[in-house]
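K.L.:
Structure supplied as work32.csv; contents: CSV, C-alpha atoms and all ligand atoms.
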```csv
chain,number,residue,atom,x,y,z
K,1,MET,CA,-0.3,29.6,-8.2
K,2,ASN,CA,1.8,30.6,-11.3
K,3,SER,CA,3.8,27.6,-12.3
K,4,THR,CA,2.2,25.0,-14.5
K,5,LYS,CA,2.4,21.6,-12.9
K,6,ARG,CA,2.5,18.7,-15.2
K,7,MET,CA,1.2,15.2,-14.8
K,8,LYS,CA,2.7,12.9,-17.3
K,9,LEU,CA,-0.1,10.9,-18.9
K,10,SER,CA,0.9,7.3,-19.7
K,11,PHE,CA,-0.7,4.1,-21.0
K,12,ARG,CA,0.1,0.5,-20.3
K,13,TRP,CA,1.2,-1.5,-23.4
K,14,TYR,CA,1.9,-5.2,-23.3
K,15,GLY,CA,4.5,-5.2,-26.1
K,16,GLU,CA,4.3,-6.4,-29.7
K,17,ASP,CA,1.6,-9.0,-28.9
K,18,ASP,CA,-0.7,-6.3,-27.6
K,19,LYS,CA,-3.8,-5.8,-29.8
K,20,VAL,CA,-3.6,-2.2,-28.8
K,21,THR,CA,-0.9,-0.6,-30.9
K,22,LEU,CA,1.5,2.2,-30.1
K,23,GLU,CA,-0.1,4.1,-33.0
K,24,ASN,CA,-3.5,3.7,-31.3
K,25,ILE,CA,-2.0,5.0,-28.0
K,26,ARG,CA,-0.2,7.9,-29.6
K,27,GLN,CA,-3.5,9.2,-31.0
K,28,ILE,CA,-4.9,9.7,-27.5
K,29,PRO,CA,-4.7,13.4,-26.7
K,30,GLY,CA,-1.9,14.4,-24.3
K,31,MET,CA,-0.3,11.0,-24.2
K,32,HIS,CA,3.3,11.2,-22.9
K,33,SER,CA,4.7,7.8,-22.0
K,34,ILE,CA,4.4,4.1,-22.5
K,35,VAL,CA,4.3,1.8,-19.5
K,36,THR,CA,5.6,-1.6,-20.4
K,37,ALA,CA,8.0,-4.5,-19.4
K,38,VAL,CA,10.0,-7.3,-20.9
K,39,TYR,CA,7.5,-10.1,-20.7
K,40,ASP,CA,9.4,-13.1,-22.0
K,41,VAL,CA,12.0,-13.6,-19.3
K,42,PRO,CA,11.2,-15.7,-16.2
K,43,VAL,CA,10.6,-13.9,-12.9
K,44,GLY,CA,13.9,-13.3,-11.2
K,45,GLU,CA,16.2,-13.4,-14.3
K,46,VAL,CA,18.1,-10.5,-15.7
K,47,TRP,CA,16.5,-8.8,-18.7
K,48,PRO,CA,18.6,-8.8,-21.9
K,49,MET,CA,19.7,-5.3,-22.8
K,50,GLU,CA,18.6,-5.9,-26.4
K,51,SER,CA,15.0,-6.5,-25.3
K,52,ILE,CA,15.0,-3.3,-23.3
K,53,GLU,CA,16.5,-1.3,-26.2
K,54,HIS,CA,14.1,-2.9,-28.6
K,55,LEU,CA,11.1,-1.8,-26.5
K,56,LYS,CA,12.6,1.7,-26.3
K,57,LYS,CA,13.1,2.0,-30.0
K,58,LEU,CA,9.5,0.9,-30.8
K,59,THR,CA,8.3,3.5,-28.3
K,60,VAL,CA,10.4,6.4,-29.3
K,61,ASP,CA,9.8,5.7,-33.0
K,62,ALA,CA,6.1,5.9,-32.3
K,63,GLY,CA,6.6,9.4,-30.8
K,64,LEU,CA,6.2,8.4,-27.1
K,65,HIS,CA,8.5,8.4,-24.1
K,66,PHE,CA,10.0,5.3,-22.7
K,67,GLU,CA,10.2,6.2,-19.0
K,68,VAL,CA,8.1,3.8,-16.9
K,69,ILE,CA,8.4,0.0,-16.3
K,70,GLU,CA,5.5,-2.0,-14.9
K,71,SER,CA,6.6,-4.3,-13.5
K,72,ILE,CA,9.9,-5.8,-12.6
K,73,PRO,CA,8.4,-8.7,-10.7
K,74,VAL,CA,9.9,-9.7,-7.4
K,75,HIS,CA,10.8,-13.4,-7.1
K,76,GLU,CA,8.8,-15.4,-4.5
K,77,ASP,CA,12.1,-16.4,-2.8
K,78,ILE,CA,12.7,-12.7,-1.9
K,79,LYS,CA,9.3,-12.4,-0.4
K,80,LEU,CA,9.7,-15.7,1.5
K,81,GLY,CA,13.2,-14.7,2.7
K,82,LYS,CA,14.9,-17.8,1.4
K,83,LYS,CA,18.7,-18.1,1.1
K,84,SER,CA,18.5,-17.9,-2.6
K,85,ARG,CA,17.1,-14.4,-2.3
K,86,ASP,CA,20.5,-12.7,-2.5
K,87,GLN,CA,21.1,-13.9,-6.1
K,88,TYR,CA,17.6,-12.8,-7.1
K,89,ILE,CA,18.1,-9.4,-5.4
K,90,GLU,CA,21.4,-9.0,-7.2
K,91,ASN,CA,19.5,-9.7,-10.5
K,92,TYR,CA,16.9,-7.2,-9.5
K,93,CYS,CA,19.6,-4.5,-9.0
K,94,GLU,CA,21.0,-5.4,-12.4
K,95,ASN,CA,17.6,-4.9,-14.0
K,96,ILE,CA,17.3,-1.5,-12.3
K,97,ARG,CA,20.7,-0.5,-13.7
K,98,ARG,CA,19.8,-1.8,-17.2
K,99,VAL,CA,16.4,-0.1,-17.5
K,100,ALA,CA,17.9,3.1,-16.0
K,101,ALA,CA,20.6,3.1,-18.7
K,102,ALA,CA,17.8,3.1,-21.3
K,103,GLY,CA,16.2,6.2,-19.7
K,104,ILE,CA,13.6,4.7,-17.4
K,105,GLN,CA,12.6,7.0,-14.5
K,106,CYS,CA,10.1,5.0,-12.6
K,107,ILE,CA,9.7,1.3,-11.8
K,108,CYS,CA,6.4,-0.2,-10.6
K,109,TYR,CA,6.4,-3.5,-8.6
K,110,ASN,CA,4.5,-5.2,-5.9
K,111,PHE,CA,5.2,-7.4,-2.9
K,112,MET,CA,2.1,-9.5,-2.9
K,113,PRO,CA,2.6,-13.2,-2.0
K,114,VAL,CA,1.9,-15.4,-5.0
K,115,PHE,CA,-1.3,-13.8,-6.2
K,116,ASP,CA,-1.2,-10.4,-8.0
K,117,TRP,CA,-4.5,-8.7,-8.5
K,118,THR,CA,-7.4,-11.0,-7.8
K,119,ARG,CA,-10.9,-10.9,-9.3
K,120,THR,CA,-13.6,-13.5,-9.5
K,121,GLN,CA,-15.0,-12.6,-12.9
K,122,LEU,CA,-13.6,-10.7,-15.8
K,123,ASP,CA,-16.7,-10.1,-17.9
K,124,HIS,CA,-19.4,-9.2,-15.5
K,125,LYS,CA,-22.2,-7.4,-17.4
K,126,LEU,CA,-23.0,-4.0,-16.1
K,127,GLU,CA,-26.4,-2.3,-16.6
K,128,ASP,CA,-25.3,-0.4,-19.8
K,129,GLY,CA,-24.2,-3.7,-21.5
K,130,SER,CA,-20.4,-3.1,-21.0
K,131,THR,CA,-18.5,-5.7,-19.1
K,132,SER,CA,-16.0,-5.3,-16.3
K,133,LEU,CA,-13.9,-7.1,-13.7
K,134,VAL,CA,-15.5,-7.8,-10.3
K,135,TYR,CA,-14.6,-9.4,-7.0
K,136,TYR,CA,-17.3,-11.1,-4.9
K,137,GLN,CA,-16.0,-12.4,-1.6
K,138,GLU,CA,-18.2,-15.6,-1.5
K,139,GLN,CA,-16.6,-16.7,-4.8
K,140,VAL,CA,-13.1,-16.2,-3.4
K,141,ASP,CA,-14.0,-18.1,-0.3
K,142,ALA,CA,-15.1,-21.0,-2.4
K,143,VAL,CA,-11.6,-21.5,-3.8
K,144,ASN,CA,-9.1,-23.0,-1.4
K,145,PRO,CA,-5.7,-23.3,-3.0
K,146,LEU,CA,-4.7,-26.0,-0.5
K,147,GLU,CA,-7.5,-28.4,-1.5
K,148,SER,CA,-6.7,-30.3,-4.7
K,149,GLU,CA,-10.4,-30.8,-5.6
K,150,SER,CA,-11.1,-27.1,-5.7
K,151,ASP,CA,-10.7,-25.1,-8.9
K,152,LEU,CA,-7.5,-23.3,-8.3
K,153,THR,CA,-7.8,-20.7,-11.1
K,154,LEU,CA,-8.9,-17.2,-10.6
K,155,PRO,CA,-8.3,-14.5,-13.2
K,156,GLY,CA,-5.2,-12.4,-12.7
K,157,TRP,CA,-3.0,-15.2,-11.3
K,158,ASP,CA,0.3,-16.3,-12.7
K,159,SER,CA,-0.7,-19.1,-15.1
K,160,SER,CA,2.9,-20.4,-15.3
K,161,TYR,CA,2.3,-22.3,-12.0
K,162,THR,CA,1.1,-25.8,-12.2
K,163,ARG,CA,-1.6,-26.7,-9.7
K,164,GLU,CA,1.0,-28.6,-7.6
K,165,GLU,CA,3.5,-25.8,-7.7
K,166,LEU,CA,0.8,-23.3,-6.7
K,167,LYS,CA,-0.2,-25.5,-3.7
K,168,GLN,CA,3.4,-25.8,-2.7
K,169,VAL,CA,4.2,-22.1,-2.8
K,170,VAL,CA,1.0,-21.2,-1.0
K,171,ALA,CA,1.8,-23.7,1.7
K,172,GLU,CA,5.2,-22.1,2.2
K,173,TYR,CA,3.5,-18.8,3.0
K,174,GLN,CA,1.1,-20.3,5.5
K,175,SER,CA,3.6,-20.3,8.3
K,176,MET,CA,4.7,-16.7,7.6
K,177,THR,CA,3.4,-13.8,9.6
K,178,GLU,CA,2.9,-10.2,8.4
K,179,GLU,CA,6.0,-9.3,10.5
K,180,ASP,CA,8.1,-11.8,8.5
K,181,LEU,CA,6.9,-10.3,5.3
K,182,TRP,CA,7.8,-6.8,6.5
K,183,SER,CA,11.2,-7.9,7.5
K,184,ASN,CA,11.8,-9.5,4.0
K,185,LEU,CA,10.5,-6.4,2.4
K,186,LYS,CA,13.0,-4.3,4.4
K,187,TYR,CA,15.9,-6.5,3.5
K,188,PHE,CA,15.0,-6.2,-0.2
K,189,LEU,CA,14.6,-2.4,0.0
K,190,GLU,CA,17.8,-1.9,1.9
K,191,LYS,CA,19.6,-3.5,-1.1
K,192,ILE,CA,17.7,-2.1,-4.0
K,193,ILE,CA,17.0,1.5,-3.0
K,194,PRO,CA,20.7,2.6,-2.9
K,195,VAL,CA,21.0,1.2,-6.5
K,196,ALA,CA,17.8,3.1,-7.6
K,197,ALA,CA,19.2,6.3,-6.0
K,198,GLU,CA,22.5,5.9,-7.7
K,199,CYS,CA,20.7,5.4,-11.1
K,200,GLN,CA,18.2,8.2,-10.3
K,201,VAL,CA,15.2,5.9,-10.7
K,202,ASN,CA,12.1,6.1,-8.6
K,203,MET,CA,10.8,2.8,-7.2
K,204,ALA,CA,7.0,2.8,-6.9
K,205,ILE,CA,5.4,-0.1,-5.0
K,206,HIS,CA,1.9,-1.0,-6.0
K,207,GLU,CA,-0.6,-1.6,-3.2
K,208,ASP,CA,-2.1,-5.0,-2.7
K,209,ASP,CA,-5.2,-5.6,-4.8
K,210,PRO,CA,-7.6,-6.1,-3.2
K,211,CYS,CA,-6.1,-4.5,-0.1
K,212,TRP,CA,-6.8,-7.3,2.3
K,213,SER,CA,-5.5,-10.8,3.0
K,214,ILE,CA,-6.7,-13.6,0.7
K,215,PHE,CA,-6.5,-17.3,1.6
K,216,GLY,CA,-4.9,-16.3,4.9
K,217,LEU,CA,-1.7,-15.2,3.1
K,218,PRO,CA,-0.1,-12.1,4.5
K,219,ARG,CA,-0.7,-8.8,2.7
K,220,ILE,CA,0.9,-5.6,4.0
K,221,ILE,CA,0.7,-2.8,1.5
K,222,THR,CA,-2.9,-2.1,2.3
K,223,CYS,CA,-3.7,1.1,4.2
K,224,GLU,CA,-2.4,4.4,5.3
K,225,LYS,CA,-0.8,3.1,8.5
K,226,ASN,CA,1.1,0.5,6.6
K,227,LEU,CA,2.2,2.9,3.8
K,228,ASP,CA,3.6,5.2,6.5
K,229,LYS,CA,5.5,2.2,7.8
K,230,PHE,CA,6.6,1.2,4.3
K,231,LEU,CA,8.0,4.7,3.5
K,232,LYS,CA,10.0,4.7,6.8
K,233,LEU,CA,11.6,1.3,6.1
K,234,VAL,CA,14.0,3.1,3.9
K,235,ASP,CA,13.4,6.8,4.2
K,236,ASP,CA,14.6,7.9,0.8
K,237,PRO,CA,12.6,9.7,-1.9
K,238,HIS,CA,13.5,6.9,-4.4
K,239,ASN,CA,11.5,4.6,-2.2
K,240,GLY,CA,8.0,5.6,-3.2
K,241,ILE,CA,4.6,4.3,-4.2
K,242,THR,CA,2.2,3.8,-7.1
K,243,LEU,CA,-1.0,5.2,-5.7
K,244,CYS,CA,-3.6,2.8,-7.1
K,245,THR,CA,-7.0,4.4,-6.4
K,246,GLY,CA,-8.9,1.2,-7.2
K,247,SER,CA,-6.7,-1.1,-5.0
K,248,LEU,CA,-6.9,1.2,-2.0
K,249,GLY,CA,-10.4,2.4,-2.7
K,250,CYS,CA,-12.0,-1.0,-2.7
K,251,SER,CA,-11.9,-0.9,1.1
K,252,GLY,CA,-14.2,1.7,2.7
K,253,HIS,CA,-11.6,2.1,5.4
K,254,ASN,CA,-9.1,3.9,3.1
K,255,ASP,CA,-9.5,7.6,2.5
K,256,VAL,CA,-7.9,7.8,-0.9
K,257,VAL,CA,-8.2,11.6,-1.2
K,258,LYS,CA,-6.4,12.1,2.1
K,259,MET,CA,-3.7,9.6,1.1
K,260,ALA,CA,-3.2,11.2,-2.3
K,261,ALA,CA,-2.7,14.6,-0.6
K,262,LYS,CA,-0.4,13.3,2.1
K,263,TYR,CA,2.0,11.2,0.0
K,264,ALA,CA,2.1,13.7,-2.9
K,265,ALA,CA,3.1,16.4,-0.4
K,266,LEU,CA,5.9,14.1,0.8
K,267,GLY,CA,7.0,13.7,-2.8
K,268,ARG,CA,6.6,9.9,-2.5
K,269,ILE,CA,4.0,9.3,-5.2
K,270,HIS,CA,5.9,8.5,-8.4
K,271,PHE,CA,3.1,6.9,-10.3
K,272,VAL,CA,-0.7,6.9,-10.1
K,273,HIS,CA,-3.2,4.3,-11.4
K,274,MET,CA,-6.6,6.0,-11.7
K,275,ARG,CA,-9.7,3.9,-11.8
K,276,ASN,CA,-13.1,3.9,-10.1
K,277,VAL,CA,-14.7,1.1,-8.2
K,278,LYS,CA,-18.2,0.5,-6.8
K,279,VAL,CA,-17.7,-0.8,-3.3
K,280,LEU,CA,-20.3,-3.4,-2.3
K,281,ASP,CA,-21.0,-5.3,1.0
K,282,ASN,CA,-19.5,-8.4,-0.5
K,283,GLY,CA,-16.7,-7.0,-2.6
K,284,PHE,CA,-16.5,-4.5,-5.5
K,285,GLU,CA,-17.1,-3.9,-9.2
K,286,GLU,CA,-14.8,-2.0,-11.5
K,287,ARG,CA,-16.7,0.8,-13.1
K,288,ALA,CA,-16.1,3.6,-15.7
K,289,HIS,CA,-13.6,6.3,-14.6
K,290,LEU,CA,-16.2,9.0,-14.1
K,291,SER,CA,-16.9,9.8,-10.3
K,292,SER,CA,-20.6,9.3,-10.6
K,293,CYS,CA,-20.1,5.7,-12.0
K,294,GLY,CA,-18.5,4.4,-8.8
K,295,THR,CA,-17.7,5.1,-5.2
K,296,LEU,CA,-14.5,7.2,-5.6
K,297,ASP,CA,-14.4,11.0,-6.0
K,298,MET,CA,-12.0,11.1,-8.9
K,299,TYR,CA,-12.0,14.9,-9.0
K,300,ALA,CA,-11.1,15.2,-5.4
K,301,ILE,CA,-8.2,12.7,-5.9
K,302,MET,CA,-6.9,14.6,-8.9
K,303,LYS,CA,-7.2,17.9,-7.0
K,304,ALA,CA,-5.4,16.5,-4.0
K,305,LEU,CA,-2.5,15.4,-6.3
K,306,PHE,CA,-2.4,18.8,-8.1
K,307,ASP,CA,-2.6,20.9,-4.9
K,308,ASN,CA,0.2,18.9,-3.4
K,309,GLY,CA,2.7,19.3,-6.3
K,310,PHE,CA,2.3,15.9,-8.0
K,311,GLU,CA,4.4,15.8,-11.1
K,312,GLY,CA,4.8,12.1,-11.8
K,313,TYR,CA,3.3,9.6,-14.2
K,314,ILE,CA,-0.3,8.8,-14.2
K,315,ARG,CA,-2.3,6.3,-16.2
K,316,PRO,CA,-5.9,5.3,-16.6
K,317,ASP,CA,-6.2,1.9,-15.1
K,318,HIS,CA,-8.5,-1.0,-16.0
K,319,GLY,CA,-11.2,-0.1,-18.5
K,320,ARG,CA,-14.5,-1.9,-19.2
K,321,MET,CA,-15.0,-3.7,-22.5
K,322,ILE,CA,-17.2,-1.4,-24.6
K,323,TRP,CA,-18.3,-1.1,-28.2
K,324,GLY,CA,-17.8,-4.8,-28.9
K,325,GLU,CA,-14.1,-4.7,-28.2
K,326,THR,CA,-12.5,-8.0,-27.2
K,327,GLY,CA,-9.0,-8.5,-25.7
K,328,ARG,CA,-7.0,-8.5,-22.5
K,329,PRO,CA,-9.5,-8.0,-19.7
K,330,GLY,CA,-9.1,-4.5,-18.2
K,331,TYR,CA,-6.7,-3.5,-20.9
K,332,GLY,CA,-8.6,-2.8,-24.0
K,333,LEU,CA,-8.2,0.5,-25.9
K,334,TYR,CA,-11.6,2.2,-25.9
K,335,ASP,CA,-12.5,2.6,-22.2
K,336,ARG,CA,-9.0,3.3,-21.1
K,337,ALA,CA,-8.8,6.0,-23.8
K,338,LEU,CA,-12.0,7.5,-22.5
K,339,GLY,CA,-10.4,7.3,-19.0
K,340,ALA,CA,-7.3,9.2,-20.3
K,341,THR,CA,-9.4,11.9,-21.8
K,342,TYR,CA,-11.4,12.3,-18.6
K,343,LEU,CA,-8.2,12.6,-16.6
K,344,ASN,CA,-6.9,15.3,-19.0
K,345,GLY,CA,-10.2,17.1,-18.5
K,346,LEU,CA,-10.1,17.0,-14.8
K,347,TRP,CA,-6.5,18.2,-14.7
K,348,GLU,CA,-7.1,21.0,-17.2
K,349,ALA,CA,-10.0,22.3,-15.1
K,350,ILE,CA,-8.2,22.0,-11.8
K,351,GLU,CA,-5.1,23.7,-13.3
K,352,LYS,CA,-7.1,26.6,-14.8
K,353,ASN,CA,-9.0,27.1,-11.6
K,354,ALA,CA,-5.8,27.4,-9.8
K,355,GLY,CA,-4.7,30.2,-12.2
K,356,GLY,CA,-2.3,28.1,-14.4
K,357,ASN,CA,-2.3,28.0,-18.2
Q,1,LIG,C1,-3.2,-5.0,-12.7
Q,1,LIG,C2,-2.0,-4.2,-12.3
Q,1,LIG,C3,-1.1,-5.0,-11.5
Q,1,LIG,C4,0.2,-4.3,-11.3
Q,1,LIG,C5,1.2,-5.0,-10.4
Q,1,LIG,C6,2.4,-4.1,-10.2
Q,1,LIG,O1,-3.9,-4.6,-13.6
Q,1,LIG,O2,-2.3,-3.0,-11.7
Q,1,LIG,O3,-0.9,-6.3,-12.1
Q,1,LIG,O4,0.8,-4.2,-12.5
Q,1,LIG,O5,0.7,-5.4,-9.2
Q,1,LIG,O6,3.5,-4.9,-9.9
```
Could you write out this file's structure as structure tokens?

P.N.:
Amino acid sequence: MNSTKRMKLSFRWYGEDDKVTLENIRQIPGMHSIVTAVYDVPVGEVWPMESIEHLKKLTVDAGLHFEVIESIPVHEDIKLGKKSRDQYIENYCENIRRVAAAGIQCICYNFMPVFDWTRTQLDHKLEDGSTSLVYYQEQVDAVNPLESESDLTLPGWDSSYTREELKQVVAEYQSMTEEDLWSNLKYFLEKIIPVAAECQVNMAIHEDDPCWSIFGLPRIITCEKNLDKFLKLVDDPHNGITLCTGSLGCSGHNDVVKMAAKYAALGRIHFVHMRNVKVLDNGFEERAHLSSCGTLDMYAIMKALFDNGFEGYIRPDHGRMIWGETGRPGYGLYDRALGATYLNGLWEAIEKNAGGN
């Protein structure tokens, strides 16, 4: 293999309120792009061009590329298939056009009803004294969003909902089947993918995290069979995925190495979230990136990506809190920077072994 393949190393940054600065991020070896979003606009609304341009200027001034958005969130009315979805989809298309005009190449989003990533504890103490995010099924089962007495808060949820609103939106989903959600996703994709294609932006859906149903709500972006189905809903290279190793890998049923190889070969992985998890009988714990710290074979996943021509964006995902750092759970500087360095090392070794530079 002669040609040098490039993965573009990136790092999530939550904007000017983030304790982790662009200067910090720039000093991580091999760093290419920032992954960010406009955070102060309600879900479903159009992002002001000035906000997008401002983020771009900060990023470029810091010597980094502004090429990846995570996320443009999808309004619940789109997922629920309500009449009002057409206006929200129009706004979504406008956001694609706007970020594309600022140079964005890849947009990450998800199609999870109500709850984005779900964990039961954000500061579980691991053996080495670091803390990490964990998911224990019995703790999830103890929280029923339809019972007012129960504590409705779990980490990772959208805190802008009041308890009543949350109950209401969850109730709306209770009558929805997986097939309904598929058909609402298809409707959405049929409208947005042509716009993405025209703007030359890659859409990259994030798998459901964890990759199974919670509270009886439908979840569909969960496994190989469903990803195959997803890619066929609109069979266009701009309709791709964010391969999130931790989201897929928390279920022993998913062969993440196989999926990395298969979807990279199809040219449909536009973004990769790399993190390791320890799979347990009753859930999972997030661990350091190194393969031996968890259940996933990170080397084999990277090699599958490399061997199958992956050239997209990749970022270290959630890190533990180490060395006394405090901040946004999963998104501190130190352990994610260690993760980035580990990913660089894996890639360099794989590349050199393959005869590259
Ligand atoms: C969690 C993240 C997710 C992800 C969204 C994409 O840390 O991986 O919140 O950004 O699901 O839309």

K.L.:
Using atom CA of His32 of chain K and atom CA of Val195 of chain K as the two end points, give the distance in Å to one decimal.

P.N.:
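Distance reported for this atom pair: 26.1 Å.
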
K.L.:
Point out the residue among K:Val74, K:Ala288, K:Met31, K:Val169 with the least atom-to-atom distance to His206 of chain K, counting all atoms listed in the file.

P.N.:
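Among the listed residues, K:Val74 lies closest to His206 of chain K.
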
K.L.:
Give me, as a PyMOL selection string, the set of residues whose atoms come within 6 Å of any atom of ligand LIG 1 (chain Q), counting all atoms listed in the file.

P.N.:
chain K and resi 70-71+108-110+116-117+206

K.L.:
For C-alpha atoms, I'd like the residues from the last selection saved as a PDB file, keeping the file's coordinate frame.

P.N.:
```pdb
ATOM      1  CA  GLU K  70       5.500  -2.000 -14.900  1.00  0.00           C
ATOM      2  CA  SER K  71       6.600  -4.300 -13.500  1.00  0.00           C
ATOM      3  CA  CYS K 108       6.400  -0.200 -10.600  1.00  0.00           C
ATOM      4  CA  TYR K 109       6.400  -3.500  -8.600  1.00  0.00           C
ATOM      5  CA  ASN K 110       4.500  -5.200  -5.900  1.00  0.00           C
ATOM      6  CA  ASP K 116      -1.200 -10.400  -8.000  1.00  0.00           C
ATOM      7  CA  TRP K 117      -4.500  -8.700  -8.500  1.00  0.00           C
ATOM      8  CA  HIS K 206       1.900  -1.000  -6.000  1.00  0.00           C
TER       9      HIS K 206
END
```

K.L.:
Could you give me, as CSV, a per-residue list for segment 3-45 of chain K showing, wherever an atom lies at most 9 Å from an atom of segment 306-322 of chain K, the closest pair of atoms and their distance in Å to one decimal, using all atoms listed in the file and sorting by chain then residue number from low to high?

P.N.:
```
residue,atom,partner,partner_atom,distance
K:Lys5,CA,K:Glu311,CA,6.4
K:Arg6,CA,K:Glu311,CA,5.4
K:Met7,CA,K:Glu311,CA,4.9
K:Lys8,CA,K:Tyr313,CA,4.6
K:Leu9,CA,K:Ile314,CA,5.2
K:Ser10,CA,K:Arg315,CA,4.8
K:Phe11,CA,K:Arg315,CA,5.5
K:Arg12,CA,K:Arg315,CA,7.5
K:His32,CA,K:Tyr313,CA,8.8
K:Ser33,CA,K:Tyr313,CA,8.1
K:Val35,CA,K:Arg315,CA,8.6
```

K.L.:
Counting only C-alpha atoms, write as a ChimeraX atom specification all protein and nucleic acid residues lying at most 12 Å from (13.9, 4.8, -27.9) in the file's frame.

P.N.:
/K:33-34,50-67,99,101-104

K.L.:
Could you tell me how far atom CA of Gln200 of chain K sits from atom CA of Val46 of chain K, in Å to one decimal place?

P.N.:
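According to the coordinates, atom CA of Val46 of chain K and atom CA of Gln200 of chain K are separated by 19.5 Å.
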
K.L.:
Find the residues around Val234 of chain K up to 9 Å (only C-alpha atoms counted), leave out those fewer than 2 positions away in its own chain, and share them as a list in words.

P.N.:
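My list of contacting residues is Lys186, Leu189, Glu190, Ile193, Phe230, Leu231, Lys232, Asp236, Pro237 and Asn239 of chain K.
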
K.L.:
Counting all atoms listed in the file, what is within 8 Å of His270 of chain K, bar same-chain residues fewer than 2 positions away, as an mmCIF file with C-alpha atoms, keeping the file's coordinate frame?

P.N.:
```cif
data_model
loop_
_atom_site.group_PDB
_atom_site.id
_atom_site.type_symbol
_atom_site.label_atom_id
_atom_site.label_comp_id
_atom_site.auth_asym_id
_atom_site.auth_seq_id
_atom_site.Cartn_x
_atom_site.Cartn_y
_atom_site.Cartn_z
ATOM 1 C CA CYS K 106 10.100 5.000 -12.600
ATOM 2 C CA ASN K 202 12.100 6.100 -8.600
ATOM 3 C CA MET K 203 10.800 2.800 -7.200
ATOM 4 C CA ALA K 204 7.000 2.800 -6.900
ATOM 5 C CA GLY K 240 8.000 5.600 -3.200
ATOM 6 C CA ILE K 241 4.600 4.300 -4.200
ATOM 7 C CA THR K 242 2.200 3.800 -7.100
ATOM 8 C CA GLY K 267 7.000 13.700 -2.800
ATOM 9 C CA ARG K 268 6.600 9.900 -2.500
ATOM 10 C CA VAL K 272 -0.700 6.900 -10.100
ATOM 11 C CA GLU K 311 4.400 15.800 -11.100
ATOM 12 C CA GLY K 312 4.800 12.100 -11.800
ATOM 13 C CA TYR K 313 3.300 9.600 -14.200
#
```

K.L.:
Kindly indicate which residue among K:Lys258, K:Lys79, K:His124, K:Lys191 lies nearest to Tyr173 of chain K, using only C-alpha atoms for the distances.

P.N.:
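Closest candidate: K:Lys79.
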
K.L.:
Do a neighbour search on segment 80-96 of chain K at 6 Å with all atoms listed in the file, toss out local chain neighbours closer than 4 positions, and write the hits as a ChimeraX atom specification.

P.N.:
/K:44,46,100,184,192

K.L.:
Hey, can you pull every residue with an atom no more than 8 Å from (-3.9, 28.2, -5.6), using all atoms listed in the file, and send it as a ChimeraX atom specification?

P.N.:
/K:1,307,353-355

K.L.:
Let me make sure I understand: among K:Thr341, K:His273, K:Lys125, K:Leu248, which one has the smallest atom-to-atom distance to Leu290 of chain K if we use all atoms listed in the file?

P.N.:
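Among the listed residues, K:Thr341 lies closest to Leu290 of chain K.
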
K.L.:
Can you list, as a PyMOL selection string, every protein, DNA or RNA residue that comes within 9 Å of Gln121 of chain K when you count only C-alpha atoms, leaving out same-chain residues fewer than 2 positions away?

P.N.:
chain K and resi 119+123-124+132-136+154-155
